[in-house]
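Visitor: What follows is the file data.txt, containing compact mmCIF, C-alpha atoms:
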# COMPACT_ATOMS: atom_id res chain seq x y z
CA MET A 94 82.89 -4.39 -88.67
CA THR A 95 81.57 -5.49 -92.07
CA LEU A 96 78.20 -6.59 -93.37
CA ASN A 97 79.66 -10.00 -94.16
CA GLU A 98 80.70 -10.42 -90.53
CA LEU A 99 77.16 -9.59 -89.47
CA ARG A 100 75.85 -12.16 -91.95
CA TYR A 101 78.22 -14.77 -90.55
CA MET A 102 77.10 -14.01 -87.00
CA VAL A 103 73.43 -14.35 -87.96
CA ALA A 104 74.15 -17.59 -89.83
CA VAL A 105 75.90 -19.15 -86.82
CA ALA A 106 73.01 -18.07 -84.58
CA ARG A 107 70.54 -19.66 -86.99
CA GLU A 108 72.40 -22.91 -87.63
CA ARG A 109 73.87 -23.35 -84.12
CA HIS A 110 76.88 -24.88 -85.84
CA PHE A 111 79.94 -23.27 -87.44
CA GLY A 112 80.23 -25.87 -90.19
CA ARG A 113 76.63 -25.57 -91.32
CA ALA A 114 76.82 -21.78 -91.11
CA ALA A 115 79.94 -21.78 -93.28
CA ASP A 116 78.19 -23.96 -95.87
CA ALA A 117 75.19 -21.61 -95.88
CA CYS A 118 77.49 -18.62 -96.39
CA HIS A 119 79.57 -20.42 -99.06
CA ILE A 120 82.89 -19.91 -97.26
CA SER A 121 85.26 -22.21 -95.42
CA GLN A 122 84.66 -22.93 -91.75
CA PRO A 123 88.07 -21.52 -90.67
CA SER A 124 87.35 -18.27 -92.49
CA LEU A 125 83.95 -17.95 -90.86
CA SER A 126 85.37 -18.74 -87.41
CA VAL A 127 88.09 -16.11 -87.81
CA ALA A 128 85.53 -13.50 -88.91
CA VAL A 129 83.24 -14.21 -85.95
CA ARG A 130 86.17 -14.10 -83.51
CA LYS A 131 87.27 -10.78 -85.03
CA LEU A 132 83.76 -9.41 -84.55
CA GLU A 133 83.71 -10.57 -80.93
CA ASP A 134 87.07 -8.88 -80.33
CA GLU A 135 85.86 -5.64 -81.90
CA LEU A 136 82.61 -5.62 -79.90
CA GLY A 137 84.33 -6.72 -76.72
CA VAL A 138 81.78 -9.45 -75.94
CA THR A 139 81.45 -13.20 -76.41
CA LEU A 140 78.66 -13.90 -78.86
CA PHE A 141 78.62 -17.69 -78.70
CA GLU A 142 79.34 -20.45 -76.23
CA ARG A 143 81.30 -23.09 -78.13
CA GLY A 144 80.19 -26.55 -77.05
CA HIS A 145 80.86 -30.02 -78.43
CA GLY A 146 78.98 -30.25 -81.72
CA GLU A 147 76.82 -27.18 -81.13
CA VAL A 148 77.09 -23.49 -80.28
CA THR A 149 74.62 -21.40 -78.29
CA LEU A 150 74.09 -17.66 -78.07
CA THR A 151 75.20 -15.84 -74.96
CA PRO A 152 72.74 -13.33 -73.42
CA ALA A 153 74.76 -10.51 -74.97
CA GLY A 154 74.82 -12.34 -78.28
CA GLU A 155 71.03 -12.65 -78.42
CA GLY A 156 70.54 -8.89 -78.43
CA LEU A 157 73.35 -8.26 -80.88
CA VAL A 158 72.07 -10.88 -83.31
CA ARG A 159 68.59 -9.32 -83.23
CA GLN A 160 70.09 -5.96 -84.08
CA ALA A 161 72.29 -7.47 -86.80
CA ARG A 162 69.19 -8.93 -88.43
CA ARG A 163 67.59 -5.48 -88.43
CA VAL A 164 70.71 -3.98 -89.99
CA LEU A 165 70.84 -6.62 -92.72
CA ASP A 166 67.13 -6.23 -93.39
CA GLU A 167 67.57 -2.47 -93.78
CA VAL A 168 70.51 -3.06 -96.14
CA GLY A 169 68.20 -5.21 -98.23
CA VAL A 170 65.63 -2.43 -98.22
CA LEU A 171 68.33 0.01 -99.32
CA ARG A 172 69.24 -2.21 -102.27
CA GLU A 173 65.62 -2.64 -103.22
CA MET A 174 65.01 1.11 -103.00
CA ALA A 175 67.85 1.65 -105.45
CA THR A 176 65.89 -0.32 -108.03
CA GLN A 177 62.39 0.69 -106.90
CA GLN A 178 61.93 2.92 -109.93
CA GLN A 179 62.39 -0.16 -112.06
CA ASP A 180 59.72 -2.78 -112.61
CA GLN A 181 58.77 -4.30 -109.23
CA LEU A 182 57.51 -7.37 -111.08
CA SER A 183 60.96 -8.03 -112.50
CA GLY A 184 63.21 -10.39 -110.57
CA PRO A 185 62.60 -13.46 -108.40
CA LEU A 186 60.17 -13.46 -105.49
CA ARG A 187 61.16 -15.75 -102.62
CA LEU A 188 57.96 -17.40 -101.42
CA GLY A 189 57.53 -19.80 -98.52
CA ALA A 190 54.49 -21.96 -97.80
CA ILE A 191 53.64 -24.48 -95.12
CA TYR A 192 53.64 -28.16 -96.01
CA THR A 193 49.85 -28.51 -95.93
CA ILE A 194 49.29 -25.63 -98.38
CA ALA A 195 52.17 -25.66 -100.86
CA PRO A 196 51.43 -28.92 -102.77
CA TYR A 197 47.82 -27.88 -103.42
CA LEU A 198 48.07 -24.13 -104.00
CA LEU A 199 51.35 -23.84 -105.93
CA PRO A 200 50.43 -26.03 -108.95
CA GLU A 201 47.46 -23.71 -109.51
CA LEU A 202 49.29 -20.49 -108.60
CA ILE A 203 52.48 -20.83 -110.64
CA PRO A 204 50.94 -20.87 -114.15
CA VAL A 205 48.66 -17.94 -113.26
CA LEU A 206 51.53 -15.88 -111.90
CA HIS A 207 53.71 -16.83 -114.86
CA GLU A 208 51.02 -15.40 -117.13
CA ASP A 209 50.46 -12.26 -115.05
CA ALA A 210 54.11 -11.54 -114.15
CA PRO A 211 56.38 -13.55 -116.48
CA GLU A 212 59.52 -11.73 -115.31
CA MET A 213 58.93 -12.62 -111.64
CA PRO A 214 59.74 -16.31 -111.10
CA LEU A 215 59.01 -17.83 -107.70
CA VAL A 216 61.82 -19.24 -105.57
CA ILE A 217 59.86 -21.62 -103.35
CA GLU A 218 60.45 -23.10 -99.91
CA GLU A 219 58.15 -25.49 -98.05
CA ASN A 220 58.55 -25.65 -94.28
CA PHE A 221 56.88 -25.52 -90.89
CA THR A 222 55.29 -22.23 -89.80
CA ALA A 223 57.95 -21.59 -87.14
CA ARG A 224 60.77 -22.00 -89.62
CA LEU A 225 59.08 -19.84 -92.24
CA ARG A 226 58.52 -17.17 -89.59
CA ASP A 227 62.25 -17.09 -88.86
CA ARG A 228 63.20 -17.06 -92.54
CA LEU A 229 60.83 -14.17 -93.19
CA LYS A 230 62.14 -12.14 -90.24
CA GLU A 231 65.73 -12.77 -91.33
CA GLY A 232 64.99 -11.48 -94.83
CA GLU A 233 65.63 -14.85 -96.46
CA LEU A 234 62.06 -15.03 -97.73
CA ASP A 235 60.01 -12.17 -99.18
CA ALA A 236 56.56 -13.53 -98.37
CA ILE A 237 55.01 -16.64 -96.89
CA VAL A 238 51.63 -18.39 -97.13
CA VAL A 239 50.49 -19.65 -93.74
CA SER A 240 47.39 -20.48 -91.77
CA LEU A 241 46.08 -17.94 -89.27
CA PRO A 242 46.53 -16.98 -86.51
CA PHE A 243 49.98 -15.58 -87.34
CA ASP A 244 51.19 -12.57 -85.36
CA GLU A 245 54.68 -11.13 -85.69
CA PRO A 246 55.88 -7.57 -85.05
CA GLY A 247 56.81 -5.81 -88.26
CA VAL A 248 54.95 -8.35 -90.41
CA VAL A 249 51.77 -7.64 -92.40
CA THR A 250 49.20 -10.39 -92.92
CA LEU A 251 46.43 -10.42 -95.52
CA PRO A 252 43.76 -13.16 -95.53
CA LEU A 253 43.48 -14.94 -98.87
CA TYR A 254 40.78 -17.59 -98.46
CA ASP A 255 38.84 -19.74 -96.01
CA GLU A 256 39.27 -23.46 -96.54
CA PRO A 257 36.79 -25.96 -95.08
CA PHE A 258 37.94 -29.31 -93.73
CA VAL A 259 36.49 -32.54 -95.07
CA ALA A 260 36.38 -36.13 -93.91
CA VAL A 261 38.23 -38.65 -96.09
CA LEU A 262 37.25 -42.32 -95.71
CA PRO A 263 38.04 -45.65 -97.33
CA ALA A 264 35.41 -46.32 -99.98
CA ALA A 265 33.94 -49.23 -98.03
CA HIS A 266 33.91 -47.52 -94.61
CA PRO A 267 30.52 -47.54 -92.79
CA LEU A 268 30.64 -43.74 -92.32
CA ARG A 269 30.31 -43.38 -96.07
CA GLN A 270 26.59 -43.98 -95.70
CA GLU A 271 26.20 -40.65 -93.88
CA LYS A 272 25.72 -37.51 -95.98
CA THR A 273 27.52 -35.25 -93.49
CA LEU A 274 29.70 -36.05 -90.50
CA THR A 275 30.71 -34.50 -87.20
CA LEU A 276 34.15 -34.35 -85.64
CA ASP A 277 32.94 -36.55 -82.79
CA ARG A 278 31.98 -39.25 -85.26
CA MET A 279 35.47 -39.06 -86.76
CA ALA A 280 37.04 -39.30 -83.30
CA ASP A 281 35.21 -42.59 -82.75
CA ALA A 282 36.94 -44.10 -85.79
CA THR A 283 40.61 -44.98 -86.33
CA LEU A 284 41.80 -41.47 -87.10
CA LEU A 285 45.10 -40.69 -88.81
CA LEU A 286 46.76 -37.35 -87.97
CA LEU A 287 49.91 -35.48 -88.88
CA GLY A 288 52.73 -35.47 -86.35
CA ALA A 289 53.73 -32.73 -83.95
CA GLY A 290 54.98 -29.51 -85.51
CA HIS A 291 52.27 -29.24 -88.16
CA CYS A 292 49.87 -26.36 -87.50
CA PHE A 293 47.10 -28.27 -89.30
CA ARG A 294 47.32 -31.02 -86.67
CA ASP A 295 47.04 -28.37 -83.94
CA GLN A 296 43.99 -26.86 -85.63
CA VAL A 297 42.24 -30.22 -85.86
CA LEU A 298 42.96 -31.02 -82.21
CA GLU A 299 41.80 -27.58 -81.08
CA LEU A 300 38.47 -28.20 -82.81
CA CYS A 301 38.31 -31.85 -81.74
CA PRO A 302 40.19 -32.63 -78.49
CA ARG A 303 38.81 -36.17 -78.58
CA CYS A 304 40.62 -36.75 -81.85
CA LEU A 305 43.95 -36.90 -80.01
CA HIS A 306 42.53 -39.54 -77.67
CA SER A 307 41.41 -41.49 -80.73
CA ALA A 308 44.80 -41.25 -82.42
CA GLU A 309 46.71 -42.27 -79.29
CA GLU A 310 44.56 -45.34 -78.78
CA ALA A 311 44.60 -46.38 -82.42
CA GLY A 312 46.79 -49.24 -83.54
CA SER A 313 50.55 -48.91 -83.79
CA THR A 314 50.31 -48.42 -87.57
CA SER A 315 48.31 -45.24 -87.00
CA ARG A 316 50.81 -43.95 -84.44
CA ASN A 317 53.64 -44.58 -86.87
CA LEU A 318 51.95 -42.26 -89.37
CA GLN A 319 52.48 -39.20 -87.21
CA GLY A 320 54.88 -36.87 -88.94
CA SER A 321 53.84 -38.00 -92.43
CA SER A 322 52.64 -35.66 -95.15
CA LEU A 323 48.96 -35.25 -95.97
CA GLU A 324 49.56 -37.19 -99.16
CA THR A 325 50.97 -40.16 -97.24
CA ILE A 326 48.02 -40.14 -94.88
CA ARG A 327 45.59 -39.93 -97.81
CA HIS A 328 47.27 -42.93 -99.44
CA MET A 329 46.99 -44.86 -96.16
CA VAL A 330 43.28 -44.06 -95.96
CA ALA A 331 42.90 -45.38 -99.51
CA SER A 332 44.58 -48.59 -98.40
CA GLY A 333 42.00 -49.00 -95.62
CA VAL A 334 44.07 -48.21 -92.51
CA GLY A 335 41.69 -45.59 -91.13
CA VAL A 336 40.00 -42.25 -91.74
CA THR A 337 41.35 -38.72 -91.70
CA ILE A 338 40.46 -35.02 -91.75
CA LEU A 339 41.98 -32.91 -94.55
CA PRO A 340 41.79 -29.37 -95.89
CA CYS A 341 39.44 -29.62 -98.85
CA THR A 342 42.19 -28.80 -101.40
CA ALA A 343 44.13 -31.85 -100.20
CA ALA A 344 41.24 -34.28 -100.59
CA GLY A 345 42.07 -34.37 -104.28
CA ALA A 346 40.98 -36.44 -107.19
CA ASP A 347 43.46 -38.83 -108.79
CA ARG A 348 43.52 -42.15 -110.52
CA TYR A 349 42.30 -44.11 -107.52
CA ALA A 350 40.36 -41.50 -105.50
CA GLN A 351 36.89 -42.22 -106.85
CA ARG A 352 37.32 -45.97 -106.49
CA LEU A 353 39.08 -46.15 -103.13
CA LEU A 354 38.16 -42.95 -101.27
CA ALA A 355 34.98 -41.26 -100.12
CA VAL A 356 34.96 -37.56 -99.19
CA ARG A 357 32.23 -36.20 -96.93
CA ARG A 358 31.43 -32.68 -95.78
CA PHE A 359 31.07 -31.81 -92.12
CA ALA A 360 27.84 -30.63 -90.59
CA GLU A 361 27.53 -27.00 -89.50
CA PRO A 362 29.53 -25.35 -88.08
CA VAL A 363 31.96 -26.60 -90.69
CA PRO A 364 35.56 -26.70 -89.37
CA SER A 365 37.92 -24.64 -91.51
CA ARG A 366 41.14 -22.66 -91.59
CA ARG A 367 41.96 -19.19 -92.90
CA VAL A 368 44.95 -19.03 -95.24
CA ALA A 369 46.88 -15.76 -95.39
CA LEU A 370 49.80 -14.07 -97.07
CA ALA A 371 52.43 -12.53 -94.77
CA TRP A 372 55.35 -10.22 -95.56
CA ARG A 373 57.62 -7.75 -93.78
CA ALA A 374 56.15 -4.26 -93.54
CA SER A 375 59.47 -2.93 -94.86
CA PHE A 376 59.41 -5.06 -98.02
CA PRO A 377 59.81 -2.50 -100.84
CA ARG A 378 57.97 -4.34 -103.65
CA PRO A 379 54.26 -3.85 -102.85
CA GLN A 380 53.34 -4.43 -106.49
CA ALA A 381 54.88 -7.90 -106.29
CA ILE A 382 52.79 -8.70 -103.20
CA GLU A 383 49.66 -7.46 -104.94
CA ALA A 384 50.45 -9.53 -108.05
CA LEU A 385 50.87 -12.59 -105.85
CA ARG A 386 47.59 -11.93 -104.03
CA GLN A 387 45.73 -11.41 -107.28
CA ALA A 388 47.19 -14.59 -108.76
CA VAL A 389 45.92 -16.56 -105.75
CA LEU A 390 42.43 -15.18 -106.36
CA GLU A 391 42.68 -16.17 -110.01
CA THR A 392 43.57 -19.79 -109.27
CA GLY A 393 39.90 -20.64 -108.85
CA LEU A 394 40.50 -23.30 -106.18
CA SER A 395 37.15 -25.04 -106.31
CA CYS A 396 36.38 -25.64 -102.64
CA VAL A 397 37.56 -22.46 -100.88
CA ARG A 398 35.98 -19.06 -100.18
CA PHE A 399 38.23 -16.29 -101.45
CA ILE A 400 38.48 -13.10 -99.41
CA GLN A 401 38.61 -9.70 -101.06
CA PRO A 402 40.57 -6.96 -99.23
CA GLY A 403 38.38 -5.06 -96.79
CA GLN A 404 35.77 -7.80 -96.46
CA ARG A 405 34.64 -8.69 -92.96
CA ASP A 406 34.18 -12.22 -91.70
CA GLY A 407 31.24 -13.85 -93.40
CA GLN A 408 31.63 -11.76 -96.54
CA ALA A 409 34.10 -14.00 -98.33
CA ALA A 410 33.73 -14.03 -102.09
CA ARG A 411 32.49 -17.46 -102.96
CA GLN A 412 34.31 -19.16 -105.82
CA GLY A 413 32.65 -22.53 -105.40
CA THR A 414 32.31 -24.08 -101.94
CA ALA A 415 31.52 -27.66 -102.76
CA ALA A 416 33.89 -30.21 -101.33
CA PRO A 417 35.03 -32.93 -103.73
CA GLU A 418 32.85 -35.99 -103.74
Show me this structure written as structure tokens.

Guide:
Amino acid sequence: MTLNELRYMVAVARERHFGRAADACHISQPSLSVAVRKLEDELGVTLFERGHGEVTLTPAGEGLVRQARRVLDEVGVLREMATQQQDQLSGPLRLGAIYTIAPYLLPELIPVLHEDAPEMPLVIEENFTARLRDRLKEGELDAIVVSLPFDEPGVVTLPLYDEPFVAVLPAAHPLRQEKTLTLDRMADATLLLLGAGHCFRDQVLELCPRCLHSAEEAGSTSRNLQGSSLETIRHMVASGVGVTILPCTAAGADRYAQRLLAVRRFAEPVPSRRVALAWRASFPRPQAIEALRQAVLETGLSCVRFIQPGQRDGQAARQGTAAPE
């Protein structure tokens, strides 16, 4: 049994396809298939059920793949420990972020981190929370930026900032006349939402169950928007299709925003989300995690409330809480 064979097994379990797994491992499909078959023969169990176009894990395979991931993670820790006496801020840091955070945090974060830790470039992946969770557990990412709640055994989470939600309207929309809005008022309008799979959509619907009713009964154009990015939805609001709810960092200011969009705060209690950094407890570069956390605090995102370590709820360090107008 070799570490490469364990990697191949984990790759097949992840991809559910021998061809895609071979591509991910940078070997030929026949070579990968032979290695997996050899591993099955050595272990005396069938790891995968080979179906047409897809493979699935057997019950025995599920447990063995979980253990293989632990072994590979520990091998990574061993390698990192060998260089731990060296500069922990030297070498790439593999960072994941969800789709509704990455486009708004990373442009501010990257130049700060480049200044603070110039020898630690970020290797970035944007994805859904579930996929980032898997990539983190498998050791393919070092840290991820997600929205809480996020619970995973063996993973540490550290809150970074609280981000209020804002209402974004076409400039000529009647709701623009109101200084603050409520979620119920938004639900009465033609409301554009992200599609299933986005945690931000789930957060909005948890706070405003009527918003789903509004979205389902909106016109077909609104329904077709489900699954779009926040930027696409914001552009559609600017074109006059409907209204939306966004994290304040995504409300933005660009060449048309002031002319075509109106941003309004919500009345108390203001809906918001808590953004956090998550990493494996076994990750052996704590100084890199601290540098990343500190760089986030130094971004100065104008509409969020930064959280210092050890602060309780309600004690967030305010770095400017005004939503964009």

Visitor: Please determine the residues with any atom at most 12 Å from (58.0, -0.9, -99.9) (coordinates as given in the file, with all atoms listed in the file counting) and report them as a ChimeraX atom specification.

Guide: /A:167,169-178,181,235,249,372-383

Visitor: Select all residues near (34.3, -39.8, -89.0) (cut-off 12 Å, inclusive, file coordinates), counting all atoms listed in the file, and output them as number ranges by chain.

Guide: A: 259-263, 266-285, 301, 303-304, 307, 335-339, 355-360

Visitor: Between atom CA of A:Lys131 and atom CA of A:Met94, what is the distance in Å, rounded to a tenth?

Guide: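 That distance, rounded to one decimal, is 8.6 Å.
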
Visitor: Would you kindly return, as a short mmCIF file (atom, residue, chain, number, x, y, z; two decimals) with C-alpha atoms, in the frame of the given file, each protein, DNA or RNA residue with an atom no farther than 6 Å from any atom of A:Pro340, considering only C-alpha atoms and excluding same-chain residues fewer than 2 positions away?

Guide:
data_model
loop_
_atom_site.label_atom_id
_atom_site.label_comp_id
_atom_site.auth_asym_id
_atom_site.auth_seq_id
_atom_site.Cartn_x
_atom_site.Cartn_y
_atom_site.Cartn_z
CA PHE A 258 37.94 -29.31 -93.73
CA THR A 342 42.19 -28.80 -101.40
CA ALA A 343 44.13 -31.85 -100.20
#

Visitor: Excluding same-chain residues fewer than 2 positions from A:Gln160, what lies within 12 Å of it counting all atoms listed in the file, as number ranges by chain?

Guide: A: 99-100, 102-103, 153-158, 162-167, 230-231

Visitor: Print the selection's residues with C-alpha atoms to a file, as a PDB file, in the frame of the given file.

Guide:
ATOM      1  CA  LEU A  99      77.160  -9.590 -89.470  1.00  0.00           C
ATOM      2  CA  ARG A 100      75.850 -12.160 -91.950  1.00  0.00           C
ATOM      3  CA  MET A 102      77.100 -14.010 -87.000  1.00  0.00           C
ATOM      4  CA  VAL A 103      73.430 -14.350 -87.960  1.00  0.00           C
ATOM      5  CA  ALA A 153      74.760 -10.510 -74.970  1.00  0.00           C
ATOM      6  CA  GLY A 154      74.820 -12.340 -78.280  1.00  0.00           C
ATOM      7  CA  GLU A 155      71.030 -12.650 -78.420  1.00  0.00           C
ATOM      8  CA  GLY A 156      70.540  -8.890 -78.430  1.00  0.00           C
ATOM      9  CA  LEU A 157      73.350  -8.260 -80.880  1.00  0.00           C
ATOM     10  CA  VAL A 158      72.070 -10.880 -83.310  1.00  0.00           C
ATOM     11  CA  ARG A 162      69.190  -8.930 -88.430  1.00  0.00           C
ATOM     12  CA  ARG A 163      67.590  -5.480 -88.430  1.00  0.00           C
ATOM     13  CA  VAL A 164      70.710  -3.980 -89.990  1.00  0.00           C
ATOM     14  CA  LEU A 165      70.840  -6.620 -92.720  1.00  0.00           C
ATOM     15  CA  ASP A 166      67.130  -6.230 -93.390  1.00  0.00           C
ATOM     16  CA  GLU A 167      67.570  -2.470 -93.780  1.00  0.00           C
ATOM     17  CA  LYS A 230      62.140 -12.140 -90.240  1.00  0.00           C
ATOM     18  CA  GLU A 231      65.730 -12.770 -91.330  1.00  0.00           C
TER      19      GLU A 231
END

Visitor: For A:Leu182, list every protein, DNA or RNA residue within 7 Å, evaluated using only C-alpha atoms, and leave out those in the same chain fewer than 2 positions away; present the list as an NGL selection string.

Guide: :A and (180 or 184 or 210 or 212-213 or 380-381)

Visitor: Which residues come within 9 Å of A:Asp209, counting all atoms listed in the file, excluding same-chain residues fewer than 5 positions away, as a PyMOL selection string?

Guide: chain A and resi 204+384+388

Visitor: Rank A:Asn220, A:Phe141, A:Tyr101, A:Ile400 by their smallest atom-to-atom distance to A:Ala190, using all atoms listed in the file, and report the top residue only.

Guide: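 Between A:Asn220, A:Phe141, A:Tyr101, A:Ile400, the residue approaching A:Ala190 most closely is A:Asn220.
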
Visitor: Export stretch 262-271 of chain A, all heavy atoms, as a compact mmCIF listing (two decimals), in the first residue's frame; it's the structure right above.

Guide:
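The result, stored in decode.txt:
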# COMPACT_ATOMS: atom_id res chain seq x y z
N LEU A 262 -32.50 48.76 -4.64
CA LEU A 262 -33.70 49.06 -5.42
C LEU A 262 -33.32 49.77 -6.71
O LEU A 262 -32.29 50.45 -6.78
CB LEU A 262 -34.64 49.98 -4.63
CG LEU A 262 -34.76 49.79 -3.12
CD1 LEU A 262 -35.43 51.00 -2.49
CD2 LEU A 262 -35.56 48.53 -2.82
N PRO A 263 -34.16 49.65 -7.74
CA PRO A 263 -33.98 50.55 -8.88
C PRO A 263 -34.16 52.00 -8.43
O PRO A 263 -34.94 52.28 -7.51
CB PRO A 263 -35.11 50.12 -9.84
CG PRO A 263 -35.50 48.74 -9.40
CD PRO A 263 -35.27 48.70 -7.92
N ALA A 264 -33.46 52.90 -9.06
CA ALA A 264 -33.45 54.29 -8.61
C ALA A 264 -34.85 54.91 -8.57
O ALA A 264 -35.13 55.76 -7.72
CB ALA A 264 -32.53 55.12 -9.50
N ALA A 265 -35.72 54.46 -9.46
CA ALA A 265 -37.06 55.06 -9.53
C ALA A 265 -38.10 54.26 -8.75
O ALA A 265 -39.30 54.55 -8.83
CB ALA A 265 -37.50 55.18 -10.99
N HIS A 266 -37.71 53.27 -7.99
CA HIS A 266 -38.67 52.41 -7.28
C HIS A 266 -39.36 53.19 -6.16
O HIS A 266 -38.73 54.01 -5.48
CB HIS A 266 -37.95 51.20 -6.70
CG HIS A 266 -38.87 50.08 -6.33
ND1 HIS A 266 -39.59 50.07 -5.16
CD2 HIS A 266 -39.21 48.93 -6.99
CE1 HIS A 266 -40.33 48.97 -5.10
NE2 HIS A 266 -40.11 48.27 -6.20
N PRO A 267 -40.67 52.97 -5.95
CA PRO A 267 -41.39 53.71 -4.89
C PRO A 267 -40.79 53.53 -3.50
O PRO A 267 -40.86 54.45 -2.68
CB PRO A 267 -42.81 53.12 -4.97
CG PRO A 267 -42.94 52.61 -6.37
CD PRO A 267 -41.58 52.13 -6.76
N LEU A 268 -40.21 52.37 -3.20
CA LEU A 268 -39.64 52.14 -1.88
C LEU A 268 -38.45 53.04 -1.59
O LEU A 268 -38.03 53.17 -0.43
CB LEU A 268 -39.21 50.67 -1.73
CG LEU A 268 -40.34 49.65 -1.62
CD1 LEU A 268 -39.77 48.24 -1.54
CD2 LEU A 268 -41.23 49.94 -0.41
N ARG A 269 -37.93 53.69 -2.62
CA ARG A 269 -36.80 54.59 -2.39
C ARG A 269 -37.19 55.76 -1.50
O ARG A 269 -36.33 56.35 -0.84
CB ARG A 269 -36.28 55.11 -3.73
CG ARG A 269 -35.05 55.97 -3.56
CD ARG A 269 -34.49 56.49 -4.86
NE ARG A 269 -33.28 57.27 -4.63
CZ ARG A 269 -32.53 57.78 -5.58
NH1 ARG A 269 -32.85 57.60 -6.85
NH2 ARG A 269 -31.45 58.48 -5.30
N GLN A 270 -38.45 56.08 -1.45
CA GLN A 270 -38.89 57.21 -0.64
C GLN A 270 -38.80 56.93 0.85
O GLN A 270 -38.85 57.86 1.66
CB GLN A 270 -40.35 57.58 -1.01
CG GLN A 270 -40.57 57.88 -2.48
CD GLN A 270 -39.63 58.95 -3.00
OE1 GLN A 270 -39.44 59.98 -2.35
NE2 GLN A 270 -39.05 58.73 -4.17
N GLU A 271 -38.66 55.67 1.24
CA GLU A 271 -38.59 55.31 2.65
C GLU A 271 -37.13 55.32 3.12
O GLU A 271 -36.24 54.82 2.43
CB GLU A 271 -39.22 53.94 2.88
CG GLU A 271 -40.68 53.89 2.42
CD GLU A 271 -41.37 52.61 2.83
OE1 GLU A 271 -40.92 51.97 3.81
OE2 GLU A 271 -42.36 52.24 2.17
